[in-house]
2 protein chains.
Amino acid sequence: MRILMLEDEPKLSAFVKRGLVAERYAVDVISDGLGGLEYAETFPYDLIILDLMLPGLSGEEFLMRVRRRNSFVPVLVLTARDTVQEKVKLFDLGADDYLTKPFAFAELMVRVKALLRRGPVNRSSTLRVGDLELDRLTQQVKRGSRRIDLTAKEYSLLEYLMQNPERVLSRNMIIEHVWDQSFDGITNIVDVYVRHLRSKVDDGFNLKLIRTIRGTGYMIRGTQEA
Amino acid sequence: MRILMLEDEPKLSAFVKRGLVAERYAVDVISDGLGGLEYAETFPYDLIILDLMLPGLSGEEFLMRVRRRNSFVPVLVLTARDTVQEKVKLFDLGADDYLTKPFAFAELMVRVKALLRRGPVNRSSTLRVGDLELDRLTQQVKRGSRRIDLTAKEYSLLEYLMQNPERVLSRNMIIEHVWDQSFDGITNIVDVYVRHLRSKVDDGFNLKLIRTIRGTGYMIRGTQEA
DNA sequence: TTTAAGCTTCAGCTTTGCTTCATTCCACCG
DNA sequence: CGGTGGAATGAAGCAAAGCTGAAGCTTAAA
């Protein structure tokens, strides 16, 4: 799950980012409107958190432009004003939810999860492929009855695979969903992490869930068959 | 345990606060209704103590608004009038208990504890994880047969962990529950206190109860396993 | 006013995970 | 049944996260 945060106050963004990362989201923080727009148009975010007070381009302007690109990313707006007019305007512009500052982190978290859940991909909170189970609430992974400990990146990768079972995912797509902005250039990082995952998820089991599609990418599947 | 107190008479609020702090609650005092509403909506309090005579927004109004947000936080009302009508009105508005001024501190304390105990989180007064025991009534902590002395913050932290055994708690969540205000930005205060706790709770024992989940936060668990 | 206890910050040190790179392996091609 | 390019793998450097001791600060107690 990849989140873009538009916030120019470093303390706040650092605090929020730390919390989101702890929940295993890949978070990009951008501090000005124009730069944010560029990011929003370049990467496939699952959610945007938008502070209305933004240098370079107002929050309203940003929201309009994103929506004009007929993008349906959920947008959570952070605002200082809490009036009815404000609310109406925001929903008009296409915001999906809003939060007035100051807010408790727990409250932000609740809304983030709610917005992500209602997206097209995520109905349920538990993903299943074969006898492999990933619980997004507690972030626990089990194969059969055996618990599996994953690092943050391993977890995100597995989550992405399991969101798209039986579908071949290219290395580029995987990088764009699982890694954040800190990434550049050509790399075999996906291969390496698939290896890590396999050693924890598939090793010692008869049925291998993660498959390589030569020349294309990877796929997860719970059934036998060639 | 976090308490919000709405009281505009400084002497009284100082007196009560000191008493509550001595009992290891984290107490925020706000002296006007509107500000109090903001706090109540922003932070997750376990209890609200409300003086009916309040500038800015009447106590009744406050109560109504809090309840309209369908918040189930217990509210203890302080009032000067002691009539049947008054009582009925208060309970109608959603008060959970009330106290007429003047009152003895001990009396307040009894009611506070009663309300906290019946809250959604606190069914039993003793928390247990492995051979570690925390008694909320007497605020005593024991591991096996050995008594452990904790400071106020250490106690709150341990209590929060033990309320959520086997669940990973992020630093942000911990800060919001254990410390009064959300901290500005980034701090490692949680790390430091976990260290303090460990030195008292885990050091010298074979089975370590408090675990670090790297990149995420901390967890308490009483069973062995990996 | 002095003293002590607890709270918070900070910096350096350790551990772990992230990423790159070089080498080896293997599927698919002719 | 070799050859070739994509994939797998192990190892190693690097960077981030967490640990820890100590010091400064605040508050309460004597």
# chains A, B, ... in the order shown; residues from 1 in each chain; ligands from 1
$ residues_around --residues "Ile3 in chain A" --least-positions-apart "3" --cutoff "7 Å" --atoms "only C-alpha atoms (C1' of nucleotides)" --output "NGL selection string"
:A and (25-28 or 45-48)
$ interface_residues --of "chain B" --to "chain D" --cutoff "12 Å" --atoms "only C-alpha atoms (C1' of nucleotides)" --output "list in words"
Arg18, Val21, Ala22, Asn188, Val190, Asp191, Val192, Tyr193, Val194, Arg195, His196, Arg198, Ser199, Arg211, Thr212, Ile213, Arg214, Gly215, Thr216, Gly217 and Tyr218 of chain B
$ write_last_selection --atoms "N, CA and C atoms" --output "PDB file, in the first residue's frame"
ATOM      1  N   ARG B  18      -3.842  17.238  41.343  1.00  0.00           N
ATOM      2  CA  ARG B  18      -2.722  16.693  42.092  1.00  0.00           C
ATOM      3  C   ARG B  18      -3.061  15.330  42.667  1.00  0.00           C
ATOM      4  N   VAL B  21      -3.127  12.767  39.779  1.00  0.00           N
ATOM      5  CA  VAL B  21      -1.782  12.465  39.306  1.00  0.00           C
ATOM      6  C   VAL B  21      -1.070  11.554  40.292  1.00  0.00           C
ATOM      7  N   ALA B  22      -1.305  11.807  41.557  1.00  0.00           N
ATOM      8  CA  ALA B  22      -0.693  10.960  42.574  1.00  0.00           C
ATOM      9  C   ALA B  22      -1.154   9.518  42.417  1.00  0.00           C
ATOM     10  N   ASN B 188      12.408   9.728  21.022  1.00  0.00           N
ATOM     11  CA  ASN B 188      12.597   8.311  21.308  1.00  0.00           C
ATOM     12  C   ASN B 188      12.214   7.985  22.744  1.00  0.00           C
ATOM     13  N   VAL B 190       9.648   6.720  23.944  1.00  0.00           N
ATOM     14  CA  VAL B 190       9.077   5.389  24.124  1.00  0.00           C
ATOM     15  C   VAL B 190      10.183   4.350  24.263  1.00  0.00           C
ATOM     16  N   ASP B 191      11.165   4.448  23.416  1.00  0.00           N
ATOM     17  CA  ASP B 191      12.303   3.528  23.494  1.00  0.00           C
ATOM     18  C   ASP B 191      12.927   3.563  24.875  1.00  0.00           C
ATOM     19  N   VAL B 192      13.129   4.783  25.373  1.00  0.00           N
ATOM     20  CA  VAL B 192      13.782   4.942  26.671  1.00  0.00           C
ATOM     21  C   VAL B 192      12.949   4.290  27.766  1.00  0.00           C
ATOM     22  N   TYR B 193      11.647   4.502  27.724  1.00  0.00           N
ATOM     23  CA  TYR B 193      10.820   3.938  28.786  1.00  0.00           C
ATOM     24  C   TYR B 193      10.671   2.430  28.674  1.00  0.00           C
ATOM     25  N   VAL B 194      10.682   1.948  27.461  1.00  0.00           N
ATOM     26  CA  VAL B 194      10.687   0.503  27.301  1.00  0.00           C
ATOM     27  C   VAL B 194      11.951  -0.066  27.940  1.00  0.00           C
ATOM     28  N   ARG B 195      13.029   0.649  27.745  1.00  0.00           N
ATOM     29  CA  ARG B 195      14.267   0.216  28.387  1.00  0.00           C
ATOM     30  C   ARG B 195      14.128   0.181  29.909  1.00  0.00           C
ATOM     31  N   HIS B 196      13.581   1.254  30.476  1.00  0.00           N
ATOM     32  CA  HIS B 196      13.395   1.294  31.922  1.00  0.00           C
ATOM     33  C   HIS B 196      12.546   0.118  32.393  1.00  0.00           C
ATOM     34  N   ARG B 198      11.967  -2.697  30.899  1.00  0.00           N
ATOM     35  CA  ARG B 198      12.660  -3.978  30.748  1.00  0.00           C
ATOM     36  C   ARG B 198      13.619  -4.214  31.900  1.00  0.00           C
ATOM     37  N   SER B 199      14.312  -3.179  32.286  1.00  0.00           N
ATOM     38  CA  SER B 199      15.306  -3.387  33.336  1.00  0.00           C
ATOM     39  C   SER B 199      14.617  -3.807  34.634  1.00  0.00           C
ATOM     40  N   ARG B 211       8.729  -7.478  23.822  1.00  0.00           N
ATOM     41  CA  ARG B 211       9.485  -7.707  22.599  1.00  0.00           C
ATOM     42  C   ARG B 211       9.457  -6.513  21.677  1.00  0.00           C
ATOM     43  N   THR B 212      10.525  -6.388  20.928  1.00  0.00           N
ATOM     44  CA  THR B 212      10.590  -5.341  19.924  1.00  0.00           C
ATOM     45  C   THR B 212      10.188  -5.932  18.585  1.00  0.00           C
ATOM     46  N   ILE B 213       9.287  -5.265  17.908  1.00  0.00           N
ATOM     47  CA  ILE B 213       8.972  -5.651  16.546  1.00  0.00           C
ATOM     48  C   ILE B 213       9.587  -4.585  15.665  1.00  0.00           C
ATOM     49  N   ARG B 214      10.662  -4.917  15.072  1.00  0.00           N
ATOM     50  CA  ARG B 214      11.457  -3.930  14.359  1.00  0.00           C
ATOM     51  C   ARG B 214      10.647  -3.256  13.262  1.00  0.00           C
ATOM     52  N   GLY B 215      10.813  -1.945  13.182  1.00  0.00           N
ATOM     53  CA  GLY B 215      10.112  -1.189  12.150  1.00  0.00           C
ATOM     54  C   GLY B 215       8.655  -0.935  12.500  1.00  0.00           C
ATOM     55  N   THR B 216       8.198  -1.459  13.613  1.00  0.00           N
ATOM     56  CA  THR B 216       6.785  -1.355  13.931  1.00  0.00           C
ATOM     57  C   THR B 216       6.553  -0.813  15.341  1.00  0.00           C
ATOM     58  N   GLY B 217       7.000  -1.524  16.330  1.00  0.00           N
ATOM     59  CA  GLY B 217       6.764  -1.055  17.688  1.00  0.00           C
ATOM     60  C   GLY B 217       7.107  -2.123  18.706  1.00  0.00           C
ATOM     61  N   TYR B 218       6.278  -2.227  19.751  1.00  0.00           N
ATOM     62  CA  TYR B 218       6.535  -3.181  20.808  1.00  0.00           C
ATOM     63  C   TYR B 218       5.304  -4.026  21.097  1.00  0.00           C
TER      64      TYR B 218
END
$ calpha_fit_rmsd --fixed "chain B" --moving "chain A"
0.9 Å
$ closest_residue --among "B:Thr151, B:Gln163, B:Asn172, B:Gln224" --to "chain C" --atoms "only C-alpha atoms (C1' of nucleotides)"
B:Thr151
$ residues_around --residues "Gly94 in chain A" --least-positions-apart "6" --cutoff "10 Å" --atoms "only C-alpha atoms (C1' of nucleotides)" --output "ChimeraX atom specification"
/A:60,63-64,66-68,72-76
$ select_by_dssp --residues "chain A" --states "helix (DSSP H, G or I)" --output "PyMOL selection string"
chain A and resi 10-22+33-42+59-68+84-93+105-118+152-163+171-178+189-201
$ closest_residue --among "B:Asp203, B:Asp149, B:Thr187, B:Leu108" --to "chain C" --atoms "only C-alpha atoms (C1' of nucleotides)"
B:Thr187
$ residues_around --residues "Lys113 in chain A" --least-positions-apart "2" --cutoff "12 Å" --atoms "only C-alpha atoms (C1' of nucleotides)" --output "JSON, numbers by chain"
{"A": [1, 3, 20, 23, 25, 46, 47, 74, 76, 97, 106, 107, 108, 109, 110, 111, 115, 116, 117, 118, 119, 122, 123, 124, 125, 136, 137]}
$ interface_residues --of "chain B" --to "chain A" --cutoff "8 Å" --atoms "only C-alpha atoms" --output "list in words"
Thr42, Phe43, Pro44, Arg167, Val168, Ser170, Arg171, Asn172, Met173, Glu176, Ser182, Asp184, Gly185, Ile186, Arg214, Gly215, Thr216 and Gly217 of chain B
$ write_last_selection --atoms "C-alpha atoms" --output "PDB file, in the first residue's frame"
ATOM      1  CA  THR B  42      -9.066  15.021  19.698  1.00  0.00           C
ATOM      2  CA  PHE B  43      -7.700  12.693  22.322  1.00  0.00           C
ATOM      3  CA  PRO B  44      -8.879   9.311  23.469  1.00  0.00           C
ATOM      4  CA  ARG B 167      -0.674  -7.054  19.810  1.00  0.00           C
ATOM      5  CA  VAL B 168       1.978  -4.900  18.276  1.00  0.00           C
ATOM      6  CA  SER B 170       3.329   1.408  17.396  1.00  0.00           C
ATOM      7  CA  ARG B 171       5.264   4.188  19.047  1.00  0.00           C
ATOM      8  CA  ASN B 172       2.657   6.718  18.011  1.00  0.00           C
ATOM      9  CA  MET B 173      -0.150   4.754  19.578  1.00  0.00           C
ATOM     10  CA  GLU B 176      -1.050   8.962  22.564  1.00  0.00           C
ATOM     11  CA  SER B 182       0.906  14.180  21.425  1.00  0.00           C
ATOM     12  CA  ASP B 184       5.778  17.300  18.623  1.00  0.00           C
ATOM     13  CA  GLY B 185       7.542  15.431  15.926  1.00  0.00           C
ATOM     14  CA  ILE B 186       9.962  12.659  16.606  1.00  0.00           C
ATOM     15  CA  ARG B 214      11.457  -3.930  14.359  1.00  0.00           C
ATOM     16  CA  GLY B 215      10.112  -1.189  12.150  1.00  0.00           C
ATOM     17  CA  THR B 216       6.785  -1.355  13.931  1.00  0.00           C
ATOM     18  CA  GLY B 217       6.764  -1.055  17.688  1.00  0.00           C
TER      19      GLY B 217
END
$ select_by_dssp --residues "range 1-84 of chain A" --states "strand (DSSP E)" --output "list in words"
Arg2, Ile3, Leu4, Met5, Leu6, Ala26, Val27, Asp28, Val29, Ile30, Leu47, Ile48, Ile49, Leu50, Asp51, Val75, Leu76, Val77, Leu78 and Thr79 of chain A
$ interface_residues --of "chain C" --to "chain A" --cutoff "9 Å" --atoms "only C-alpha atoms (C1' of nucleotides)" --output "PyMOL selection string"
chain C and resi 17-20+27
$ atom_distance --atom1 "CA of Leu150 in chain A" --atom2 "C1' of DA22 in chain C"
26.7 Å
